[in-house]
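Source file: entry.cif (mmCIF, C-alpha atoms and all ligand atoms)
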```
data_structure
#
loop_
_atom_site.label_atom_id
_atom_site.label_comp_id
_atom_site.auth_asym_id
_atom_site.auth_seq_id
_atom_site.Cartn_x
_atom_site.Cartn_y
_atom_site.Cartn_z
CA MET U 142 61.92 111.63 42.49
CA LYS U 143 60.35 108.95 44.69
CA SER U 144 57.64 110.25 46.96
CA LEU U 145 55.56 108.90 49.81
CA ALA U 146 52.48 109.36 47.64
CA GLU U 147 53.58 106.35 45.59
CA LEU U 148 52.75 104.17 48.58
CA ALA U 149 49.11 105.01 48.07
CA ALA U 150 49.44 103.78 44.49
CA ILE U 151 50.99 100.51 45.76
CA ARG U 152 48.03 100.16 48.11
CA ASP U 153 45.49 100.61 45.31
CA LYS U 154 47.33 98.21 43.04
CA MET U 155 47.48 95.56 45.75
CA LYS U 156 43.84 95.79 46.68
CA ASN U 157 42.98 94.02 43.45
CA LYS U 158 45.41 91.25 44.20
CA VAL U 159 44.15 90.41 47.67
CA ALA U 160 41.81 87.68 46.51
CA LEU U 161 44.63 85.94 44.70
CA ARG U 162 46.92 86.24 47.69
CA GLU U 163 44.58 84.40 49.99
CA GLU U 164 44.35 81.33 47.81
CA SER U 165 48.09 80.84 47.62
CA GLY U 166 50.94 81.52 50.05
CA GLU U 167 52.38 78.07 49.49
CA THR U 168 56.11 78.66 49.70
CA ARG U 169 58.10 80.14 52.56
CA ILE U 170 61.72 81.21 52.32
CA VAL U 171 63.19 81.64 55.80
CA VAL U 172 66.52 83.44 56.26
CA GLY U 173 68.48 83.11 59.53
CA MET U 174 69.29 86.61 60.78
CA ALA U 175 70.95 86.07 64.17
CA THR U 176 74.26 87.83 64.83
CA CYS U 177 76.23 84.97 63.35
CA GLY U 178 74.03 84.94 60.23
CA ILE U 179 74.37 88.69 59.77
CA ALA U 180 78.15 88.52 60.25
CA ALA U 181 78.39 85.70 57.71
CA GLY U 182 76.50 87.62 55.01
CA ALA U 183 72.78 86.95 55.50
CA ARG U 184 71.65 90.50 54.70
CA PRO U 185 72.46 90.47 50.96
CA VAL U 186 71.02 86.95 50.72
CA LEU U 187 67.76 88.16 52.24
CA SER U 188 67.60 91.18 49.97
CA THR U 189 68.24 89.03 46.91
CA PHE U 190 65.24 86.85 47.74
CA VAL U 191 63.01 89.85 48.49
CA GLU U 192 63.98 91.58 45.24
CA GLU U 193 63.66 88.48 43.10
CA VAL U 194 60.25 87.57 44.49
CA ASP U 195 59.09 91.08 43.67
CA LYS U 196 60.61 91.01 40.17
CA ALA U 197 59.04 87.66 39.39
CA GLY U 198 55.64 88.87 40.61
CA LEU U 199 55.44 85.98 43.09
CA ASN U 200 54.38 88.14 46.02
CA GLY U 201 51.11 86.28 46.45
CA SER U 202 52.55 82.78 46.55
CA VAL U 203 56.02 83.12 48.07
CA ALA U 204 56.66 84.64 51.50
CA VAL U 205 60.15 85.66 52.56
CA THR U 206 60.59 85.71 56.33
CA GLN U 207 63.41 86.12 58.83
CA THR U 208 64.24 84.04 61.83
CA GLY U 209 66.73 84.44 64.64
CA CYS U 210 68.87 81.49 65.29
CA ILE U 211 68.72 78.21 63.43
CA GLY U 212 71.39 76.69 65.68
CA LEU U 213 74.06 75.91 63.10
CA CYS U 214 76.43 78.88 63.29
CA ARG U 215 79.21 77.44 61.22
CA TYR U 216 76.89 76.88 58.26
CA GLU U 217 75.53 80.43 58.12
CA PRO U 218 74.06 82.10 56.14
CA ILE U 219 71.28 79.53 56.30
CA VAL U 220 68.07 79.55 54.30
CA GLU U 221 65.17 77.17 54.71
CA VAL U 222 62.60 76.60 52.01
CA LEU U 223 59.23 75.26 53.08
CA ARG U 224 56.62 74.23 50.55
CA ALA U 225 53.22 72.78 51.25
CA GLY U 226 53.34 69.01 51.10
CA GLU U 227 57.11 68.79 50.74
CA GLU U 228 59.97 68.19 53.13
CA LYS U 229 61.87 71.25 54.37
CA VAL U 230 65.02 72.03 52.42
CA THR U 231 67.92 73.66 54.33
CA TYR U 232 70.50 75.57 52.30
CA ILE U 233 73.77 76.51 53.94
CA LYS U 234 76.63 78.95 53.35
CA MET U 235 74.41 80.95 51.07
CA THR U 236 75.48 83.88 48.90
CA PRO U 237 73.43 86.22 46.68
CA GLU U 238 74.57 84.19 43.65
CA LYS U 239 73.39 80.92 45.17
CA ALA U 240 70.16 82.66 46.14
CA LEU U 241 69.53 83.55 42.49
CA GLU U 242 70.05 79.93 41.52
CA VAL U 243 67.72 78.68 44.26
CA MET U 244 65.12 81.20 43.05
CA GLU U 245 65.31 79.91 39.48
CA LYS U 246 65.62 76.18 40.04
CA HIS U 247 63.77 75.56 43.30
CA ILE U 248 61.26 78.37 43.84
CA LYS U 249 60.27 78.74 40.19
CA GLY U 250 61.35 75.34 38.84
CA GLY U 251 60.33 73.13 41.76
CA LYS U 252 63.67 71.28 42.02
CA PRO U 253 65.89 71.85 45.07
CA VAL U 254 69.53 72.70 44.34
CA VAL U 255 70.91 69.68 46.19
CA GLU U 256 74.52 70.86 45.95
CA TYR U 257 73.88 73.70 48.42
CA THR U 258 71.81 71.79 50.94
CA ILE U 259 72.94 70.69 54.35
CA GLY U 260 72.34 67.05 53.48
CA ASN U 261 74.90 67.29 50.71
CA ILE U 262 77.62 68.60 53.05
CA GLU U 263 77.04 66.23 55.95
CA LYS U 264 77.34 63.13 53.80
CA MET Y 52 81.37 92.78 61.35
CA LYS Y 53 82.49 94.03 57.97
CA GLU Y 54 80.27 97.12 57.98
CA LEU Y 55 78.87 99.25 60.79
CA SER Y 56 75.47 98.99 59.11
CA LEU Y 57 75.57 95.27 59.98
CA ASN Y 58 76.13 96.13 63.65
CA ILE Y 59 73.15 98.50 63.41
CA LEU Y 60 71.02 95.70 61.94
CA ASP Y 61 72.13 93.33 64.68
CA ILE Y 62 71.53 95.77 67.56
CA ALA Y 63 68.13 96.75 66.17
CA GLN Y 64 67.24 93.05 65.99
CA ASN Y 65 67.80 92.91 69.76
CA SER Y 66 65.16 95.65 70.06
CA VAL Y 67 62.77 93.71 67.84
CA LYS Y 68 63.32 90.63 70.00
CA ALA Y 69 62.59 92.72 73.09
CA ASN Y 70 59.10 93.35 71.63
CA ALA Y 71 59.65 97.01 70.91
CA SER Y 72 56.84 98.67 68.99
CA LEU Y 73 59.00 101.66 68.12
CA ILE Y 74 62.70 101.72 67.31
CA GLY Y 75 64.67 104.87 66.62
CA ILE Y 76 67.88 104.71 64.65
CA SER Y 77 69.82 107.92 64.32
CA ILE Y 78 73.22 108.32 62.79
CA ASP Y 79 75.18 111.49 63.24
CA GLU Y 80 78.15 112.00 61.03
CA THR Y 81 80.79 114.71 60.77
CA ASP Y 82 84.00 114.61 58.79
CA ASP Y 83 85.78 113.01 61.75
CA VAL Y 84 83.22 111.11 63.80
CA LEU Y 85 80.34 108.77 63.12
CA SER Y 86 78.02 107.98 65.98
CA PHE Y 87 74.71 106.22 66.18
CA LYS Y 88 72.03 105.75 68.75
CA ILE Y 89 69.43 102.99 68.72
CA THR Y 90 66.52 103.46 71.08
CA ASP Y 91 63.56 101.19 71.69
CA ASN Y 92 60.51 100.89 73.91
CA GLY Y 93 60.93 97.17 74.40
CA LYS Y 94 61.03 95.21 77.62
CA GLY Y 95 64.40 96.56 78.73
CA MET Y 96 66.91 95.01 81.13
CA THR Y 97 67.43 95.18 84.87
CA ALA Y 98 70.42 97.09 86.21
CA ASP Y 99 72.07 93.85 87.25
CA PHE Y 100 71.72 92.23 83.83
CA LEU Y 101 72.80 95.45 82.13
CA SER Y 102 76.06 95.58 84.07
CA ARG Y 103 77.04 92.25 82.55
CA VAL Y 104 75.66 92.67 79.06
CA THR Y 105 78.87 93.63 77.25
CA ASP Y 106 80.52 90.54 78.63
CA PRO Y 107 80.12 87.93 75.88
CA PHE Y 108 78.90 85.37 78.38
CA THR Y 109 75.70 87.27 78.94
CA THR Y 110 72.76 86.19 76.84
CA THR Y 111 69.18 85.05 77.21
CA ARG Y 112 69.37 83.07 74.01
CA THR Y 113 69.10 79.32 74.35
CA THR Y 114 70.82 77.93 71.27
CA ARG Y 115 74.26 79.31 72.03
CA LYS Y 116 75.83 80.15 75.37
CA VAL Y 117 77.34 83.49 74.44
CA GLY Y 118 75.85 86.73 73.18
CA LEU Y 119 78.03 88.50 70.65
CA GLY Y 120 76.16 91.53 69.39
CA LEU Y 121 76.83 94.05 72.15
CA PRO Y 122 80.40 92.93 72.98
CA PHE Y 123 81.30 93.17 69.25
CA LEU Y 124 79.96 96.68 68.97
CA LYS Y 125 81.69 97.90 72.12
CA MET Y 126 85.00 96.50 70.98
CA GLU Y 127 84.71 97.97 67.48
CA ALA Y 128 83.89 101.44 68.79
CA GLU Y 129 86.66 101.44 71.40
CA MET Y 130 89.25 100.20 68.94
CA THR Y 131 88.83 103.41 66.93
CA GLY Y 132 89.17 105.54 70.06
CA GLY Y 133 85.41 106.05 70.15
CA SER Y 134 82.97 105.15 72.88
CA PHE Y 135 80.07 102.84 73.69
CA SER Y 136 77.27 103.15 76.18
CA ILE Y 137 74.03 101.39 76.98
CA LYS Y 138 71.14 102.45 79.19
CA SER Y 139 68.04 100.48 79.93
CA LYS Y 140 64.90 100.43 82.03
CA SER Y 141 63.27 97.09 82.61
CA GLU Y 142 59.53 96.64 82.28
CA THR Y 143 59.64 94.85 85.61
CA GLU Y 144 60.61 98.10 87.32
CA TYR Y 145 59.44 100.96 85.12
CA LYS Y 146 56.24 101.88 83.40
CA GLU Y 147 58.20 103.62 80.67
CA HIS Y 148 60.75 101.02 79.72
CA GLY Y 149 63.22 100.53 76.92
CA THR Y 150 66.83 100.56 75.91
CA GLU Y 151 69.28 102.99 74.36
CA VAL Y 152 72.53 101.89 72.76
CA PHE Y 153 75.07 104.48 71.70
CA ALA Y 154 78.36 104.02 69.88
CA SER Y 155 80.80 106.48 68.35
CA PHE Y 156 83.67 105.89 66.01
CA ASN Y 157 86.69 107.92 65.07
CA LYS Y 158 86.62 107.89 61.26
CA LYS Y 159 90.30 108.69 60.94
CA SER Y 160 91.37 105.61 62.89
CA ILE Y 161 92.88 102.73 60.91
CA ASP Y 162 90.48 100.45 62.77
CA TYR Y 163 87.42 102.35 61.54
CA ILE Y 164 84.98 100.09 59.74
CA PRO Y 165 82.89 101.86 57.07
CA LEU Y 166 79.14 102.24 57.46
CA GLY Y 167 78.48 100.19 54.33
CA ASP Y 168 75.03 99.36 53.01
CA ILE Y 169 72.77 101.15 55.45
CA ILE Y 170 69.91 100.97 52.94
CA GLY Y 171 70.21 97.18 52.98
CA THR Y 172 69.99 97.26 56.78
CA LEU Y 173 66.84 99.37 56.77
CA CYS Y 174 65.22 97.17 54.11
CA ALA Y 175 65.99 94.06 56.16
CA LEU Y 176 64.54 95.63 59.32
CA VAL Y 177 61.36 96.91 57.71
CA GLN Y 178 60.91 93.61 55.88
CA GLY Y 179 61.28 91.53 59.01
CA ALA Y 180 59.37 93.32 61.72
CA GLU Y 181 55.73 93.65 60.78
CA ASN Y 182 54.65 95.00 64.16
CA THR Y 183 57.47 97.42 64.74
CA ASP Y 184 57.81 101.00 63.57
CA PHE Y 185 61.15 102.54 62.71
CA ILE Y 186 62.17 106.15 62.72
CA PHE Y 187 65.45 106.56 60.93
CA ASN Y 188 67.56 109.60 60.40
CA HIS Y 189 71.10 110.11 59.21
CA LYS Y 190 72.71 113.50 59.56
CA MET Y 191 75.68 114.06 57.31
CA PRO Y 192 77.94 117.10 56.98
CA HIS Y 193 75.93 118.38 53.99
CA GLY Y 194 72.51 116.86 54.29
CA GLU Y 195 70.09 114.56 56.03
CA VAL Y 196 68.10 111.41 55.23
CA PHE Y 197 64.89 110.55 57.06
CA LEU Y 198 62.38 107.70 56.96
CA SER Y 199 59.43 106.93 59.21
CA THR Y 200 57.47 103.73 58.80
CA LYS Y 201 54.64 105.36 60.76
CA GLU Y 202 54.12 107.77 57.88
CA MET Y 203 54.38 104.92 55.43
CA ARG Y 204 51.75 102.84 57.22
CA GLU Y 205 49.22 105.67 57.06
CA LEU Y 206 49.44 105.62 53.28
CA LEU Y 207 49.64 101.86 52.93
CA GLY Y 208 46.45 101.06 54.80
CA ASP Y 209 46.10 97.27 54.96
CA VAL Y 210 49.11 96.53 52.80
CA PRO Y 211 51.81 94.89 54.94
CA LEU Y 212 54.91 97.04 55.39
CA GLY Y 213 57.10 94.05 54.60
CA SER Y 214 55.59 93.39 51.15
CA PRO Y 215 58.29 93.03 48.49
CA GLU Y 216 56.76 95.95 46.53
CA VAL Y 217 57.06 98.17 49.57
CA ILE Y 218 60.63 97.07 50.29
CA SER Y 219 61.59 97.88 46.69
CA TRP Y 220 60.08 101.30 47.20
CA VAL Y 221 62.07 101.80 50.42
CA ARG Y 222 65.26 100.83 48.63
CA GLU Y 223 64.71 103.28 45.77
CA TYR Y 224 63.42 106.04 48.00
CA LEU Y 225 66.47 105.88 50.25
CA SER Y 226 68.92 105.63 47.32
CA GLU Y 227 67.48 108.83 45.90
CA ALA Y 228 67.45 110.52 49.28
CA TYR Y 229 71.12 109.63 49.79
CA SER Y 230 72.12 110.85 46.32
CA ALA Y 231 70.36 114.14 47.00
CA ALA Y 232 71.90 114.50 50.47
CA CYS Y 233 75.43 113.68 49.34
CA ALA Y 234 75.31 115.64 46.09
CA VAL Y 235 77.26 118.57 47.53
CA ASP Y 236 80.16 116.40 48.62
N1 LIG A 1 67.35 96.26 73.23
C1 LIG A 1 67.30 95.28 74.14
N2 LIG A 1 66.24 95.13 74.94
C2 LIG A 1 66.18 94.15 75.88
N3 LIG A 1 67.16 93.22 76.07
C3 LIG A 1 68.25 93.31 75.29
C4 LIG A 1 68.40 94.34 74.29
N4 LIG A 1 69.61 94.18 73.69
C5 LIG A 1 70.17 93.11 74.27
N5 LIG A 1 69.38 92.58 75.24
C6 LIG A 1 69.69 91.43 76.10
O1 LIG A 1 71.09 91.28 76.13
C7 LIG A 1 71.48 89.98 75.69
C8 LIG A 1 72.78 90.07 74.95
O2 LIG A 1 72.63 90.72 73.68
P1 LIG A 1 73.67 90.42 72.52
O3 LIG A 1 73.19 91.10 71.28
O4 LIG A 1 75.03 90.77 72.99
O5 LIG A 1 73.61 88.86 72.33
P2 LIG A 1 72.35 87.97 71.90
O6 LIG A 1 71.33 88.82 71.22
O7 LIG A 1 71.94 87.19 73.09
O8 LIG A 1 72.97 86.98 70.87
P3 LIG A 1 73.57 87.36 69.43
O9 LIG A 1 74.99 86.98 69.51
O10 LIG A 1 72.81 86.59 68.40
O11 LIG A 1 73.37 88.84 69.25
C9 LIG A 1 70.30 89.48 74.88
O12 LIG A 1 70.23 88.08 74.92
C10 LIG A 1 69.12 90.14 75.57
O13 LIG A 1 68.70 89.37 76.68
S1 LIG A 2 73.69 81.70 66.73
FE1 LIG A 2 74.42 80.91 64.96
S2 LIG A 2 72.91 79.76 64.12
FE2 LIG A 2 72.18 80.60 65.89
MG MG A 3 71.91 90.24 69.66
#
```
Reformat the file's structure so that it appears as structure tokens.
Amino acid sequence: MKSLAELAAIRDKMKNKVALREESGETRIVVGMATCGIAAGARPVLSTFVEEVDKAGLNGSVAVTQTGCIGLCRYEPIVEVLRAGEEKVTYIKMTPEKALEVMEKHIKGGKPVVEYTIGNIEK
Amino acid sequence: MKELSLNILDIAQNSVKANASLIGISIDETDDVLSFKITDNGKGMTADFLSRVTDPFTTTRTTRKVGLGLPFLKMEAEMTGGSFSIKSKSETEYKEHGTEVFASFNKKSIDYIPLGDIIGTLCALVQGAENTDFIFNHKMPHGEVFLSTKEMRELLGDVPLGSPEVISWVREYLSEAYSAACAVD
């Protein structure tokens, strides 16, 4: 059975990682969570990113954050990926499956999944 | 919305946006009725604004001219034969300010939308609002589930509440709590 006491164990485990954390923090994954994003399916997309970052042990270098409105309702769920020294990549009409692919290819592999980006659709 | 838990996420996001430091989410469920109340200590709304807030043309957002969250919820509740209400005290008029949104749903109605992934909603809220505390409880016919991020913070010390490790813990903790609470069903 899970207990609150396990949080103390998480705290102790993370203390040792603090030094590492401060050096990195290079990648940000931003999920649009306004009403239109939520209605379009942003919540499972967000949770996929949070879970995958945890599973991959990337907590120190990848931050998953939420934002309200990105201003492009009809393309929701929208996810932006920001990496130091690179141009922002905007993914649209995201799903948990696409999120897994973006995790593998872009976040871990360094190559944006062009197919799912806004640039690809607007052309 | 496809699930009531998505409405709960959306309404609680309004509270986060209103700079609430404490948000209460309580769900009360019997065999026939599901109701929830979301309370916050955020900046609140004036009586005049409040009287227009379930009209979709009322919003303070700037990227879109209509607000959808509250009108959606009101409509969904009323369609099942349930009810909706909102009370608020604006910080411009009251020292103790904040907002309370209540909605109830008749579970037997064909228009009833299921609660859905409430754990996903709580994980998203805790993950996204570093400076906000949540007190959640869900009363069901045979049991109850409770979570307080205030209690969690005391144990976590400096570790951010929104850390992926912590969110994974929340997800597992709540899944177990729900299995235990629903076991008698
Ligand atoms: N808990 C709250 N505290 C203070 N103001 C609120 C609260 N909830 C709603 N409001 C006000 O009411 C307005 C309408 O809310 P509503 O959720 O219907 O639409 P919205 O948040 O503007 O847009 P969206 O469609 O993305 O939800 C908000 O813009 C905000 O000004
Ligand atoms: S309201 Fe839809 S993107 Fe902002
Ligand atoms: Mg809203």
Report the centre and edge lengths, in Å to one decimal, of an axis-aligned box enclosing every atom of ligand LIG 2 (chain A) listed in the file, padded by 4 Å on each side, as lines of an AutoDock Vina configuration file.
```
center_x = 73.3
center_y = 80.7
center_z = 65.4
size_x = 10.2
size_y = 9.9
size_z = 10.6
```
Write out, as a tab-separated table, each residue of chain U that has an atom at most 12 Å from ligand MG 3 (chain A), together with the closest pair of atoms and their distance in Å to one decimal, counting all atoms listed in the file, rows going by chain and rising number.
```
residue	atom	partner	partner_atom	distance
U:Met174	CA	A:MG3	MG	9.9
U:Ala175	CA	A:MG3	MG	7.0
U:Thr176	CA	A:MG3	MG	5.9
U:Cys177	CA	A:MG3	MG	9.3
U:Gly178	CA	A:MG3	MG	11.0
U:Ile179	CA	A:MG3	MG	10.3
U:Ala180	CA	A:MG3	MG	11.4
U:Gly209	CA	A:MG3	MG	9.3
U:Cys210	CA	A:MG3	MG	10.2
```
- Query: Counting all atoms listed in the file, which of U:Ile259, U:Leu213, U:Ile233, U:Ala225 gets nearest to ligand LIG 1 (chain A)?
  - Reply: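 Of the candidates, the smallest distance to ligand LIG 1 (chain A) is held by U:Leu213.
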- Show me which bits of chain U are within 6 Å of chain Y, counting only C-alpha atoms, as a ChimeraX atom specification. /U:143,148-149,152,176,180,191,195,207,212
- Query: If you measure from atom CA of Glu256 of chain U to atom CA of Pro185 of chain U, what distance in Å do you get, rounded to one decimal?
  - Reply: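 Between atom CA of Glu256 of chain U and atom CA of Pro185 of chain U the gap is 20.3 Å.
Taking all atoms listed in the file into account, ligand LIG 1 (chain A) lies nearest to U:Ile211 out of the set U:Met142, U:Ile211, U:Ala197, U:Val205.
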- Task: Between atom CA of Ile219 of chain U and atom CA of Ile76 of chain Y, measure the distance and give it in Å to one decimal.
- Result: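 Going from atom CA of Ile219 of chain U over to atom CA of Ile76 of chain Y covers 26.7 Å.
Of the listed residues (U:Tyr232, U:Cys214, U:Val194, U:Leu241), U:Cys214 comes nearest to ligand LIG 1 (chain A); the distances count all atoms listed in the file.
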